[in-house]
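Novice: Below is the structure I would like to discuss, written out as structure tokens.
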Amino acid sequence: MLFQKIYNIVRFIPGGKVLTYKAIACHLGLKDIRLIGYALHGNPDTDNIPCHRVVKSDGSLAKGFAFGGQSIQKQLLQQENINFDHEGKINLSKFLWEIPKE
């Protein structure tokens, strides 16, 4: 049930935008941000649940992207015109998507 709630949020992140693990956890009232990563590692439908659009709260990529590693995640995001700075971070003020209020 919890994982399904996570997938339902990630499913709606639009192309060209990202969301943070922390934002998802806060939205769901979770204290353990790692639960978001656990759920995304078990993503049952990568075609419709774009887990590559979930990043760390400093705009960097998590080391353990389950579907090909960091370089694949970065490549997928760049294909959506998301840019990285010289430190390999995404400018969240430009690319962060906010979860709509219910």
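Identifiers in the structure tokens: chain A, B, ... in order shown; residue index from 1 per chain; ligand index from 1 in order shown.
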Identify, on the basis of only C-alpha atoms, every residue whose closest approach to Leu40 (chain A) does not exceed 12 Å; exclude the query and any residue fewer than 4 positions from it along the same chain; express the result as a PyMOL selection string.

Specialist: chain A and resi 2-11+21+24+33-36+44-46+49-55+62+64-67

Novice: Please identify which residues in chain A DSSP calls alpha helix (DSSP H) from the backbone, and express them as a ChimeraX atom specification.

Specialist: /A:2-10,21-28,34-41,70-79,92-95

Novice: Based on DSSP run over this structure's backbone, return all residues of chain A in strand (DSSP E or B), as a list in words.

Specialist: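 So the strand (DSSP E or B) residues in chain A would be Val18, Leu19, Thr20, Val54, Val55, Phe84, Ile90 and Leu96 of chain A.
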
Novice: So the first atom is CA of Ile99 (chain A) and the second is CA of Gly15 (chain A); what is the distance between them in Å, to one decimal place?

Specialist: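 Computing the Euclidean distance for CA of Ile99 (chain A) and CA of Gly15 (chain A) yields 14.0 Å.
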
Novice: Hey, can you check how far CA of Ser57 (chain A) sits from CA of Ala39 (chain A)?

Specialist: 17.3 Å
